[in-house]
Amino acid sequence: MNSLQTAEALWNRIQARDWTGVGELLADDVVVEWPISGERIVGRANYVRVNAEYPEGWTIKVLRILVDGDEVVSEVEVPHETMGVFRVAAFWTVTEGRVVRGREYWTELGSEPAPEWRAAYIERM
């Protein structure tokens, strides 16, 4: 499985809540960092459990995946029925079809309003 196929499969298995399948795409000693919340997830089992334990009501919508060799970047929207709409920019390193390390930037849409000083230069989305 190449890097693109691994990333696509990982998001598809997360959406399907196929936690065994998610684990198959991760190295045993995978390390994934979440800089926004200041967390580091070490190990396959921990990454799988963090995702499996997340409160239900969410959906995965992959917006794009970019690949350069073993490096994969994906932009994903994750609407949640009660918590709002989240976006993640995920940067993963894939070796032999498994994610070996990653850095994911999760944020809620609209959680950081644009400062007024930029109003003359931007369009609101």
# chains A, B, ... in the order shown; residues from 1 in each chain; ligands from 1
call {"tool": "residues_around", "arguments": {"residues": "segment 63-76 of chain A", "least_positions_apart": "2", "cutoff": "7 Å", "atoms": "only C-alpha atoms", "output": "list in words"}}
result
Ser3, Leu4, Ile60, Lys61, Val78, Arg87, Val88, Ala89, Ala90, Phe91, Trp92, Thr93, Val94 and Thr95 of chain A
call {"tool": "select_by_dssp", "arguments": {"residues": "segment 5-118 of chain A", "states": "helix (DSSP H, G or I)", "output": "list in words"}}
result
Gln5, Thr6, Ala7, Glu8, Ala9, Leu10, Trp11, Asn12, Arg13, Ile14, Gln15, Trp19, Thr20, Gly21, Val22, Gly23, Glu24, Arg44, Ala45, Asn46, Tyr47, Val48, Arg49, Val50, Asn51, Ala52, Glu116, Trp117 and Arg118 of chain A
call {"tool": "write_last_selection", "arguments": {"atoms": "C-alpha atoms", "output": "mmCIF file, in the first residue's frame"}}
result
data_model
loop_
_atom_site.group_PDB
_atom_site.id
_atom_site.type_symbol
_atom_site.label_atom_id
_atom_site.label_comp_id
_atom_site.auth_asym_id
_atom_site.auth_seq_id
_atom_site.Cartn_x
_atom_site.Cartn_y
_atom_site.Cartn_z
ATOM 1 C CA GLN A 5 -3.647 4.555 -0.221
ATOM 2 C CA THR A 6 -2.645 4.375 3.450
ATOM 3 C CA ALA A 7 -4.019 7.867 4.169
ATOM 4 C CA GLU A 8 -7.254 7.190 2.297
ATOM 5 C CA ALA A 9 -7.696 3.868 4.076
ATOM 6 C CA LEU A 10 -6.988 5.410 7.479
ATOM 7 C CA TRP A 11 -9.669 8.092 7.108
ATOM 8 C CA ASN A 12 -12.131 5.560 5.642
ATOM 9 C CA ARG A 13 -11.563 3.150 8.533
ATOM 10 C CA ILE A 14 -11.916 5.927 11.103
ATOM 11 C CA GLN A 15 -15.235 6.923 9.482
ATOM 12 C CA TRP A 19 -10.762 0.315 15.019
ATOM 13 C CA THR A 20 -8.977 -2.950 14.305
ATOM 14 C CA GLY A 21 -8.466 -1.796 10.733
ATOM 15 C CA VAL A 22 -7.193 1.600 11.915
ATOM 16 C CA GLY A 23 -4.622 -0.161 14.088
ATOM 17 C CA GLU A 24 -3.398 -2.180 11.110
ATOM 18 C CA ARG A 44 -0.879 2.333 18.261
ATOM 19 C CA ALA A 45 -3.274 1.315 21.038
ATOM 20 C CA ASN A 46 -3.439 4.836 22.469
ATOM 21 C CA TYR A 47 -4.091 6.463 19.082
ATOM 22 C CA VAL A 48 -6.848 3.963 18.323
ATOM 23 C CA ARG A 49 -8.473 4.451 21.753
ATOM 24 C CA VAL A 50 -8.363 8.259 21.568
ATOM 25 C CA ASN A 51 -10.290 8.079 18.317
ATOM 26 C CA ALA A 52 -12.629 5.278 19.405
ATOM 27 C CA GLU A 116 -10.666 43.870 13.580
ATOM 28 C CA TRP A 117 -7.395 45.400 12.390
ATOM 29 C CA ARG A 118 -7.488 43.048 9.357
#
call {"tool": "atom_distance", "arguments": {"atom1": "atom CA of Glu53 of chain A", "atom2": "atom CA of Glu112 of chain A"}}
result
26.0 Å
call {"tool": "closest_residue", "arguments": {"among": "A:Met83, A:Val100, A:Val32, A:Ile122", "to": "Tyr54 of chain A", "atoms": "only C-alpha atoms"}}
result
A:Met83
call {"tool": "residues_around", "arguments": {"residues": "Thr82 of chain A", "least_positions_apart": "3", "cutoff": "12 Å", "atoms": "only C-alpha atoms", "output": "number ranges by chain"}}
result
A: 55-59, 78-79, 85-86
call {"tool": "atom_distance", "arguments": {"atom1": "atom CA of Arg98 of chain A", "atom2": "atom CA of Leu26 of chain A"}}
result
4.8 Å
call {"tool": "select_by_dssp", "arguments": {"residues": "segment 18-69 of chain A", "states": "strand (DSSP E or B)", "output": "PyMOL selection string"}}
result
chain A and resi 26-34+39-42+58+61-68
call {"tool": "write_last_selection", "arguments": {"atoms": "N, CA and C atoms", "output": "compact mmCIF listing (two decimals), in the first residue's frame"}}
result
# COMPACT_ATOMS: atom_id res chain seq x y z
N LEU A 26 -1.15 1.57 11.47
CA LEU A 26 -0.25 2.33 12.34
C LEU A 26 0.92 1.46 12.78
N ALA A 27 2.10 2.08 12.86
CA ALA A 27 3.24 1.37 13.45
C ALA A 27 2.97 1.16 14.93
N ASP A 28 3.52 0.10 15.49
CA ASP A 28 3.35 -0.17 16.93
C ASP A 28 3.72 1.03 17.78
N ASP A 29 4.82 1.69 17.40
CA ASP A 29 5.34 2.80 18.19
C ASP A 29 5.03 4.17 17.57
N VAL A 30 3.93 4.26 16.84
CA VAL A 30 3.54 5.53 16.22
C VAL A 30 3.48 6.65 17.27
N VAL A 31 3.87 7.83 16.87
CA VAL A 31 3.76 9.01 17.73
C VAL A 31 3.01 10.07 16.93
N VAL A 32 1.89 10.54 17.49
CA VAL A 32 1.09 11.58 16.85
C VAL A 32 0.95 12.74 17.83
N GLU A 33 1.33 13.91 17.37
CA GLU A 33 1.26 15.12 18.20
C GLU A 33 0.08 15.98 17.80
N TRP A 34 -0.56 16.57 18.81
CA TRP A 34 -1.64 17.53 18.63
C TRP A 34 -1.19 18.85 19.25
N GLU A 39 -0.84 17.90 23.23
CA GLU A 39 -0.86 16.48 23.56
C GLU A 39 0.01 15.68 22.60
N ARG A 40 0.57 14.61 23.10
CA ARG A 40 1.32 13.64 22.29
C ARG A 40 0.73 12.27 22.57
N ILE A 41 0.37 11.57 21.52
CA ILE A 41 -0.19 10.23 21.64
C ILE A 41 0.91 9.25 21.21
N VAL A 42 1.32 8.39 22.12
CA VAL A 42 2.40 7.45 21.85
C VAL A 42 1.84 6.04 21.80
N TRP A 58 -20.11 12.27 14.97
CA TRP A 58 -19.21 12.90 14.01
C TRP A 58 -19.18 12.13 12.69
N LYS A 61 -15.13 13.92 6.48
CA LYS A 61 -15.23 14.36 5.09
C LYS A 61 -13.84 14.80 4.64
N VAL A 62 -13.17 13.96 3.85
CA VAL A 62 -11.83 14.28 3.37
C VAL A 62 -11.95 15.34 2.28
N LEU A 63 -11.28 16.46 2.48
CA LEU A 63 -11.30 17.54 1.51
C LEU A 63 -10.19 17.40 0.48
N ARG A 64 -9.01 16.97 0.94
CA ARG A 64 -7.91 16.71 0.01
C ARG A 64 -6.78 15.98 0.73
N ILE A 65 -6.02 15.27 -0.08
CA ILE A 65 -4.83 14.57 0.40
C ILE A 65 -3.71 14.86 -0.58
N LEU A 66 -2.58 15.29 -0.07
CA LEU A 66 -1.40 15.56 -0.89
C LEU A 66 -0.28 14.65 -0.42
N VAL A 67 0.48 14.12 -1.38
CA VAL A 67 1.52 13.15 -1.06
C VAL A 67 2.83 13.55 -1.73
N ASP A 68 3.90 13.43 -0.99
CA ASP A 68 5.26 13.59 -1.52
C ASP A 68 6.10 12.46 -0.94
call {"tool": "closest_residue", "arguments": {"among": "A:Arg103, A:Glu77, A:Gly97, A:Ala16", "to": "Ile36 of chain A", "atoms": "only C-alpha atoms"}}
result
A:Arg103
call {"tool": "closest_residue", "arguments": {"among": "A:Pro35, A:Met125, A:Arg17, A:Leu25", "to": "Trp106 of chain A", "atoms": "only C-alpha atoms"}}
result
A:Pro35
call {"tool": "atom_distance", "arguments": {"atom1": "atom CA of Arg124 of chain A", "atom2": "atom CA of Thr107 of chain A"}}
result
17.6 Å
